[in-house]
file my_file.cif (mmCIF, C-alpha atoms)
data_upload
loop_
_atom_site.group_PDB
_atom_site.id
_atom_site.type_symbol
_atom_site.label_atom_id
_atom_site.label_comp_id
_atom_site.auth_asym_id
_atom_site.auth_seq_id
_atom_site.Cartn_x
_atom_site.Cartn_y
_atom_site.Cartn_z
ATOM 1 C CA GLN A 17 -33.665 -4.238 -7.018
ATOM 2 C CA VAL A 18 -30.507 -6.035 -8.108
ATOM 3 C CA GLN A 19 -27.208 -4.353 -7.326
ATOM 4 C CA LEU A 20 -23.639 -5.402 -7.946
ATOM 5 C CA VAL A 21 -21.086 -3.137 -6.307
ATOM 6 C CA GLU A 22 -17.409 -3.516 -7.110
ATOM 7 C CA SER A 23 -14.661 -2.272 -4.818
ATOM 8 C CA GLY A 24 -10.942 -2.681 -4.279
ATOM 9 C CA GLY A 25 -9.595 -0.949 -7.359
ATOM 10 C CA GLY A 26 -6.876 1.665 -7.264
ATOM 11 C CA LEU A 27 -3.361 2.567 -8.290
ATOM 12 C CA VAL A 28 -0.687 -0.089 -7.889
ATOM 13 C CA GLN A 29 2.890 -0.457 -9.082
ATOM 14 C CA PRO A 30 3.852 -3.140 -11.596
ATOM 15 C CA GLY A 31 4.303 -6.447 -9.822
ATOM 16 C CA GLY A 32 1.852 -5.499 -7.107
ATOM 17 C CA SER A 33 -1.440 -7.057 -6.076
ATOM 18 C CA LEU A 34 -5.040 -6.028 -5.639
ATOM 19 C CA ARG A 35 -8.152 -7.864 -4.588
ATOM 20 C CA LEU A 36 -11.419 -6.782 -6.136
ATOM 21 C CA SER A 37 -14.729 -7.519 -4.474
ATOM 22 C CA CYS A 38 -18.221 -7.635 -5.945
ATOM 23 C CA ALA A 39 -21.009 -7.421 -3.386
ATOM 24 C CA ALA A 40 -24.414 -8.518 -4.661
ATOM 25 C CA SER A 41 -27.850 -7.691 -3.336
ATOM 26 C CA GLY A 42 -31.367 -8.312 -4.564
ATOM 27 C CA LEU A 43 -30.552 -11.681 -6.072
ATOM 28 C CA THR A 44 -29.784 -15.219 -4.973
ATOM 29 C CA LEU A 45 -26.119 -15.235 -5.826
ATOM 30 C CA TYR A 46 -25.565 -18.977 -5.574
ATOM 31 C CA THR A 47 -27.819 -19.510 -8.609
ATOM 32 C CA TYR A 48 -25.664 -17.304 -10.828
ATOM 33 C CA ALA A 49 -22.450 -17.861 -12.695
ATOM 34 C CA MET A 50 -20.182 -14.900 -12.017
ATOM 35 C CA ARG A 51 -17.723 -13.198 -14.300
ATOM 36 C CA TRP A 52 -15.181 -10.418 -14.204
ATOM 37 C CA TYR A 53 -14.701 -8.349 -17.339
ATOM 38 C CA ARG A 54 -12.405 -5.451 -18.022
ATOM 39 C CA GLN A 55 -12.292 -2.631 -20.516
ATOM 40 C CA ALA A 56 -9.227 -0.573 -21.266
ATOM 41 C CA PRO A 57 -9.442 2.808 -23.014
ATOM 42 C CA GLY A 58 -10.042 2.361 -26.733
ATOM 43 C CA LYS A 59 -10.484 -1.395 -26.409
ATOM 44 C CA GLU A 60 -13.437 -3.754 -26.308
ATOM 45 C CA ARG A 61 -14.636 -5.241 -23.080
ATOM 46 C CA GLU A 62 -13.002 -8.603 -22.479
ATOM 47 C CA LEU A 63 -13.821 -11.528 -20.231
ATOM 48 C CA VAL A 64 -11.113 -11.958 -17.612
ATOM 49 C CA ALA A 65 -12.388 -14.740 -15.368
ATOM 50 C CA SER A 66 -15.509 -16.753 -14.652
ATOM 51 C CA ILE A 67 -16.752 -19.083 -11.960
ATOM 52 C CA THR A 68 -19.722 -21.441 -11.900
ATOM 53 C CA SER A 69 -22.595 -20.987 -9.466
ATOM 54 C CA THR A 70 -21.197 -23.570 -7.063
ATOM 55 C CA GLY A 71 -17.618 -22.445 -7.507
ATOM 56 C CA GLY A 72 -16.637 -25.818 -8.848
ATOM 57 C CA ARG A 73 -15.143 -24.589 -12.092
ATOM 58 C CA THR A 74 -13.211 -21.500 -13.071
ATOM 59 C CA ASN A 75 -11.874 -20.166 -16.348
ATOM 60 C CA TYR A 76 -9.410 -17.427 -17.176
ATOM 61 C CA ALA A 77 -8.282 -15.394 -20.129
ATOM 62 C CA ASP A 78 -4.850 -16.489 -21.318
ATOM 63 C CA SER A 79 -3.474 -13.061 -20.475
ATOM 64 C CA VAL A 80 -4.185 -13.496 -16.748
ATOM 65 C CA LYS A 81 -3.733 -17.243 -16.192
ATOM 66 C CA GLY A 82 -1.457 -17.955 -13.285
ATOM 67 C CA ARG A 83 -1.763 -14.384 -11.987
ATOM 68 C CA PHE A 84 -5.476 -13.855 -11.283
ATOM 69 C CA SER A 85 -7.806 -15.975 -9.192
ATOM 70 C CA ILE A 86 -11.595 -15.760 -9.013
ATOM 71 C CA SER A 87 -13.495 -17.012 -5.993
ATOM 72 C CA ARG A 88 -16.874 -16.634 -4.390
ATOM 73 C CA ASP A 89 -18.469 -16.709 -0.976
ATOM 74 C CA ASN A 90 -22.147 -17.386 -1.533
ATOM 75 C CA ALA A 91 -22.902 -16.987 2.163
ATOM 76 C CA LYS A 92 -21.627 -13.409 1.920
ATOM 77 C CA ASN A 93 -23.101 -12.811 -1.548
ATOM 78 C CA THR A 94 -19.661 -11.721 -2.689
ATOM 79 C CA VAL A 95 -17.288 -12.594 -5.504
ATOM 80 C CA TYR A 96 -13.595 -11.804 -5.528
ATOM 81 C CA LEU A 97 -10.832 -11.349 -8.045
ATOM 82 C CA GLN A 98 -7.338 -11.681 -6.616
ATOM 83 C CA MET A 99 -4.865 -10.064 -8.983
ATOM 84 C CA ASN A 100 -1.143 -10.686 -8.526
ATOM 85 C CA SER A 101 1.936 -9.748 -10.535
ATOM 86 C CA LEU A 102 0.048 -6.871 -12.074
ATOM 87 C CA LYS A 103 1.255 -5.378 -15.332
ATOM 88 C CA PRO A 104 0.566 -2.021 -16.984
ATOM 89 C CA ASP A 105 -1.533 -3.907 -19.571
ATOM 90 C CA ASP A 106 -3.921 -4.858 -16.758
ATOM 91 C CA THR A 107 -4.965 -1.215 -16.469
ATOM 92 C CA ALA A 108 -8.703 -1.059 -17.119
ATOM 93 C CA VAL A 109 -12.107 -0.633 -15.582
ATOM 94 C CA TYR A 110 -13.105 -3.972 -14.087
ATOM 95 C CA TYR A 111 -16.744 -5.024 -14.103
ATOM 96 C CA CYS A 112 -18.590 -7.702 -12.210
ATOM 97 C CA ASN A 113 -21.290 -9.670 -14.035
ATOM 98 C CA ALA A 114 -23.933 -12.076 -12.747
ATOM 99 C CA TRP A 115 -25.481 -14.368 -15.339
ATOM 100 C CA LYS A 116 -27.883 -17.258 -15.614
ATOM 101 C CA SER A 117 -30.206 -18.623 -18.274
ATOM 102 C CA PHE A 118 -33.372 -16.935 -19.523
ATOM 103 C CA GLY A 119 -32.124 -13.394 -19.643
ATOM 104 C CA PHE A 120 -30.805 -12.841 -16.149
ATOM 105 C CA ASP A 121 -27.765 -10.685 -16.772
ATOM 106 C CA TYR A 122 -26.616 -7.999 -14.324
ATOM 107 C CA TRP A 123 -23.641 -5.656 -14.247
ATOM 108 C CA GLY A 124 -21.882 -3.538 -11.691
ATOM 109 C CA GLN A 125 -20.720 0.026 -12.257
ATOM 110 C CA GLY A 126 -17.048 -0.915 -12.511
ATOM 111 C CA THR A 127 -13.904 -0.142 -10.553
ATOM 112 C CA GLN A 128 -10.763 1.414 -11.982
ATOM 113 C CA VAL A 129 -7.477 -0.469 -11.771
ATOM 114 C CA THR A 130 -4.361 1.432 -12.783
ATOM 115 C CA VAL A 131 -0.968 -0.257 -12.885
ATOM 116 C CA SER A 132 1.806 2.287 -13.161
ATOM 117 C CA SER A 133 5.118 3.230 -11.617
#

call {"tool": "encode", "arguments": {"input": "my_file.cif", "output": "structure tokens"}}
result
Amino acid sequence: QVQLVESGGGLVQPGGSLRLSCAASGLTLYTYAMRWYRQAPGKERELVASITSTGGRTNYADSVKGRFSISRDNAKNTVYLQMNSLKPDDTAVYYCNAWKSFGFDYWGQGTQVTVSS
């Protein structure tokens, strides 16, 4: 059974930092591209960051470039999202996604990030 479990969310003041983790089980993580999405109330889910299976290439939404960093530790079956200089607009539920060709597409349950003073 495949499971993706996000952790590390919470309440943080503007300008603060959080590190999200996504622990995977039931799959061979190093064969999957990994992505972080977020969804704010009343808005569509958006792709925040992605990383290739080997970790050799990353991509970011324009809104988080220079502030967020995605990384992975395949030995630990874990993916991370380091979020710095957080803004109120970053408030959302953050989801971890594992994807590879031929219909392999898995999601975590999400973790809430709230940026507020």

call {"tool": "closest_residue", "arguments": {"input": "my_file.cif", "among": "A:Ile86, A:Val80, A:Ala91, A:Val21", "to": "Trp52 (chain A)", "atoms": "only C-alpha atoms"}}
result
A:Ile86

call {"tool": "residues_around", "arguments": {"input": "my_file.cif", "residues": "Val129 (chain A)", "least_positions_apart": "6", "cutoff": "10 Å", "atoms": "all atoms listed in the file", "output": "mmCIF file with C-alpha atoms, in the frame of the given file"}}
result
data_model
loop_
_atom_site.group_PDB
_atom_site.id
_atom_site.type_symbol
_atom_site.label_atom_id
_atom_site.label_comp_id
_atom_site.auth_asym_id
_atom_site.auth_seq_id
_atom_site.Cartn_x
_atom_site.Cartn_y
_atom_site.Cartn_z
ATOM 1 C CA GLY A 24 -10.942 -2.681 -4.279
ATOM 2 C CA GLY A 25 -9.595 -0.949 -7.359
ATOM 3 C CA GLY A 26 -6.876 1.665 -7.264
ATOM 4 C CA LEU A 27 -3.361 2.567 -8.290
ATOM 5 C CA VAL A 28 -0.687 -0.089 -7.889
ATOM 6 C CA LEU A 34 -5.040 -6.028 -5.639
ATOM 7 C CA LEU A 36 -11.419 -6.782 -6.136
ATOM 8 C CA ARG A 54 -12.405 -5.451 -18.022
ATOM 9 C CA ALA A 56 -9.227 -0.573 -21.266
ATOM 10 C CA LEU A 102 0.048 -6.871 -12.074
ATOM 11 C CA PRO A 104 0.566 -2.021 -16.984
ATOM 12 C CA ASP A 106 -3.921 -4.858 -16.758
ATOM 13 C CA THR A 107 -4.965 -1.215 -16.469
ATOM 14 C CA ALA A 108 -8.703 -1.059 -17.119
ATOM 15 C CA VAL A 109 -12.107 -0.633 -15.582
ATOM 16 C CA TYR A 110 -13.105 -3.972 -14.087
#

call {"tool": "closest_residue", "arguments": {"input": "my_file.cif", "among": "A:Gln29, A:Ser41, A:Thr47, A:Ser85", "to": "Gly124 (chain A)", "atoms": "all atoms listed in the file"}}
result
A:Ser41

call {"tool": "closest_residue", "arguments": {"input": "my_file.cif", "among": "A:Asn75, A:Asn93, A:Gln98, A:Ser23", "to": "Gly126 (chain A)", "atoms": "only C-alpha atoms"}}
result
A:Ser23

call {"tool": "atom_distance", "arguments": {"input": "my_file.cif", "atom1": "CA of Ala49 (chain A)", "atom2": "CA of Arg83 (chain A)"}}
result
21.0 Å

call {"tool": "resolve_selection", "arguments": {"input": "my_file.cif", "expression": "the PyMOL selection byres ((chain A and resi 114) around 6)", "output": "list in words"}}
result
Tyr48, Ala49, Met50, Asn113, Trp115, Asp121 and Tyr122 of chain A

call {"tool": "atom_distance", "arguments": {"input": "my_file.cif", "atom1": "CA of Glu22 (chain A)", "atom2": "CA of Gly42 (chain A)"}}
result
15.0 Å

call {"tool": "resolve_selection", "arguments": {"input": "my_file.cif", "expression": "the PyMOL selection byres ((chain A and resi 64) around 8)", "output": "list in words"}}
result
Arg51, Trp52, Tyr53, Arg54, Glu62, Leu63, Ala65, Ser66, Tyr76, Ala77 and Val80 of chain A

call {"tool": "write_last_selection", "arguments": {"input": "my_file.cif", "atoms": "C-alpha atoms", "output": "mmCIF file, in the coordinates of the input"}}
result
data_model
loop_
_atom_site.group_PDB
_atom_site.id
_atom_site.type_symbol
_atom_site.label_atom_id
_atom_site.label_comp_id
_atom_site.auth_asym_id
_atom_site.auth_seq_id
_atom_site.Cartn_x
_atom_site.Cartn_y
_atom_site.Cartn_z
ATOM 1 C CA ARG A 51 -17.723 -13.198 -14.300
ATOM 2 C CA TRP A 52 -15.181 -10.418 -14.204
ATOM 3 C CA TYR A 53 -14.701 -8.349 -17.339
ATOM 4 C CA ARG A 54 -12.405 -5.451 -18.022
ATOM 5 C CA GLU A 62 -13.002 -8.603 -22.479
ATOM 6 C CA LEU A 63 -13.821 -11.528 -20.231
ATOM 7 C CA ALA A 65 -12.388 -14.740 -15.368
ATOM 8 C CA SER A 66 -15.509 -16.753 -14.652
ATOM 9 C CA TYR A 76 -9.410 -17.427 -17.176
ATOM 10 C CA ALA A 77 -8.282 -15.394 -20.129
ATOM 11 C CA VAL A 80 -4.185 -13.496 -16.748
#

call {"tool": "atom_distance", "arguments": {"input": "my_file.cif", "atom1": "CA of Ser133 (chain A)", "atom2": "CA of Pro30 (chain A)"}}
result
6.5 Å

call {"tool": "axis_aligned_box", "arguments": {"input": "my_file.cif", "around": "region 56-75 of chain A", "padding_each_side": "8 Å", "output": "lines of an AutoDock Vina configuration file"}}
result
center_x = -15.9
center_y = -11.5
center_z = -16.9
size_x = 29.4
size_y = 44.6
size_z = 35.7

call {"tool": "resolve_selection", "arguments": {"input": "my_file.cif", "expression": "the PyMOL selection byres ((chain A and resi 33) around 6)", "output": "list in words"}}
result
Gly32, Leu34, Met99 and Asn100 of chain A

call {"tool": "closest_residue", "arguments": {"input": "my_file.cif", "among": "A:Thr74, A:Ser132, A:Thr127, A:Ser79", "to": "Gln55 (chain A)", "atoms": "only C-alpha atoms"}}
result
A:Thr127

call {"tool": "closest_residue", "arguments": {"input": "my_file.cif", "among": "A:Asp78, A:Val131, A:Ser87, A:Thr44", "to": "Ser101 (chain A)", "atoms": "all atoms listed in the file"}}
result
A:Val131

call {"tool": "residues_around", "arguments": {"input": "my_file.cif", "residues": "Thr70 (chain A)", "least_positions_apart": "3", "cutoff": "10 Å", "atoms": "only C-alpha atoms", "output": "PyMOL selection string"}}
result
chain A and resi 45-49+67+73+88-90

call {"tool": "decode", "arguments": {"input": "my_file.cif", "residues": "region 26-40 of chain A", "atoms": "all heavy atoms", "output": "tab-separated table (two decimals), in the first residue's frame"}}
result
chain	number	residue	atom	x	y	z
A	26	GLY	N	2.38	24.27	9.97
A	26	GLY	CA	2.04	24.95	11.21
A	26	GLY	C	1.81	26.43	10.99
A	26	GLY	O	1.67	26.89	9.86
A	27	LEU	N	1.80	27.15	12.10
A	27	LEU	CA	1.60	28.60	12.08
A	27	LEU	C	2.96	29.28	12.21
A	27	LEU	O	3.74	28.94	13.11
A	27	LEU	CB	0.69	29.01	13.23
A	27	LEU	CG	0.50	30.50	13.47
A	27	LEU	CD1	-0.19	31.15	12.27
A	27	LEU	CD2	-0.30	30.74	14.75
A	28	VAL	N	3.23	30.22	11.32
A	28	VAL	CA	4.50	30.93	11.34
A	28	VAL	C	4.24	32.40	11.01
A	28	VAL	O	3.30	32.72	10.27
A	28	VAL	CB	5.49	30.29	10.35
A	28	VAL	CG1	4.99	30.40	8.92
A	28	VAL	CG2	6.88	30.88	10.49
A	29	GLN	N	5.06	33.27	11.55
A	29	GLN	CA	4.92	34.69	11.27
A	29	GLN	C	5.49	35.03	9.89
A	29	GLN	O	6.39	34.32	9.40
A	29	GLN	CB	5.63	35.51	12.34
A	29	GLN	CG	4.97	35.43	13.70
A	29	GLN	CD	5.60	36.39	14.69
A	29	GLN	OE1	6.71	36.88	14.50
A	29	GLN	NE2	4.88	36.68	15.77
A	30	PRO	N	5.02	36.09	9.29
A	30	PRO	CA	5.61	36.52	8.01
A	30	PRO	C	7.12	36.71	8.15
A	30	PRO	O	7.60	37.25	9.16
A	30	PRO	CB	4.91	37.85	7.74
A	30	PRO	CG	3.59	37.72	8.42
A	30	PRO	CD	3.87	36.92	9.67
A	31	GLY	N	7.84	36.24	7.14
A	31	GLY	CA	9.29	36.28	7.17
A	31	GLY	C	9.94	35.06	7.78
A	31	GLY	O	11.17	34.89	7.69
A	32	GLY	N	9.14	34.21	8.37
A	32	GLY	CA	9.65	33.00	9.00
A	32	GLY	C	9.89	31.87	8.02
A	32	GLY	O	9.73	32.02	6.80
A	33	SER	N	10.30	30.73	8.58
A	33	SER	CA	10.64	29.56	7.77
A	33	SER	C	9.96	28.31	8.31
A	33	SER	O	9.68	28.21	9.52
A	33	SER	CB	12.16	29.33	7.78
A	33	SER	OG	12.84	30.42	7.21
A	34	LEU	N	9.72	27.39	7.41
A	34	LEU	CA	9.25	26.05	7.75
A	34	LEU	C	9.90	25.06	6.81
A	34	LEU	O	10.22	25.41	5.66
A	34	LEU	CB	7.73	25.94	7.61
A	34	LEU	CG	6.83	26.56	8.67
A	34	LEU	CD1	5.37	26.44	8.26
A	34	LEU	CD2	7.04	25.91	10.03
A	35	ARG	N	10.06	23.84	7.27
A	35	ARG	CA	10.50	22.78	6.39
A	35	ARG	C	9.47	21.66	6.41
A	35	ARG	O	9.20	21.07	7.46
A	35	ARG	CB	11.87	22.21	6.79
A	35	ARG	CG	12.40	21.25	5.73
A	35	ARG	CD	13.79	20.76	6.01
A	35	ARG	NE	13.81	19.65	6.94
A	35	ARG	CZ	14.77	18.71	6.97
A	35	ARG	NH1	15.78	18.78	6.11
A	35	ARG	NH2	14.73	17.75	7.86
A	36	LEU	N	8.89	21.41	5.26
A	36	LEU	CA	7.94	20.32	5.13
A	36	LEU	C	8.67	19.04	4.73
A	36	LEU	O	9.65	19.09	3.98
A	36	LEU	CB	6.89	20.65	4.06
A	36	LEU	CG	6.11	21.95	4.23
A	36	LEU	CD1	5.05	22.07	3.15
A	36	LEU	CD2	5.49	22.06	5.61
A	37	SER	N	8.16	17.93	5.24
A	37	SER	CA	8.69	16.63	4.87
A	37	SER	C	7.58	15.77	4.29
A	37	SER	O	6.42	15.91	4.68
A	37	SER	CB	9.29	15.93	6.09
A	37	SER	OG	10.36	16.65	6.63
A	38	CYS	N	7.95	14.89	3.38
A	38	CYS	CA	7.01	13.94	2.80
A	38	CYS	C	7.68	12.57	2.86
A	38	CYS	O	8.64	12.31	2.13
A	38	CYS	CB	6.68	14.31	1.37
A	38	CYS	SG	5.72	13.08	0.48
A	39	ALA	N	7.19	11.73	3.76
A	39	ALA	CA	7.74	10.40	3.94
A	39	ALA	C	6.92	9.41	3.12
A	39	ALA	O	5.70	9.34	3.26
A	39	ALA	CB	7.72	10.02	5.41
A	40	ALA	N	7.61	8.65	2.27
A	40	ALA	CA	6.94	7.71	1.37
A	40	ALA	C	7.17	6.28	1.82
A	40	ALA	O	8.25	5.93	2.30
A	40	ALA	CB	7.45	7.90	-0.05
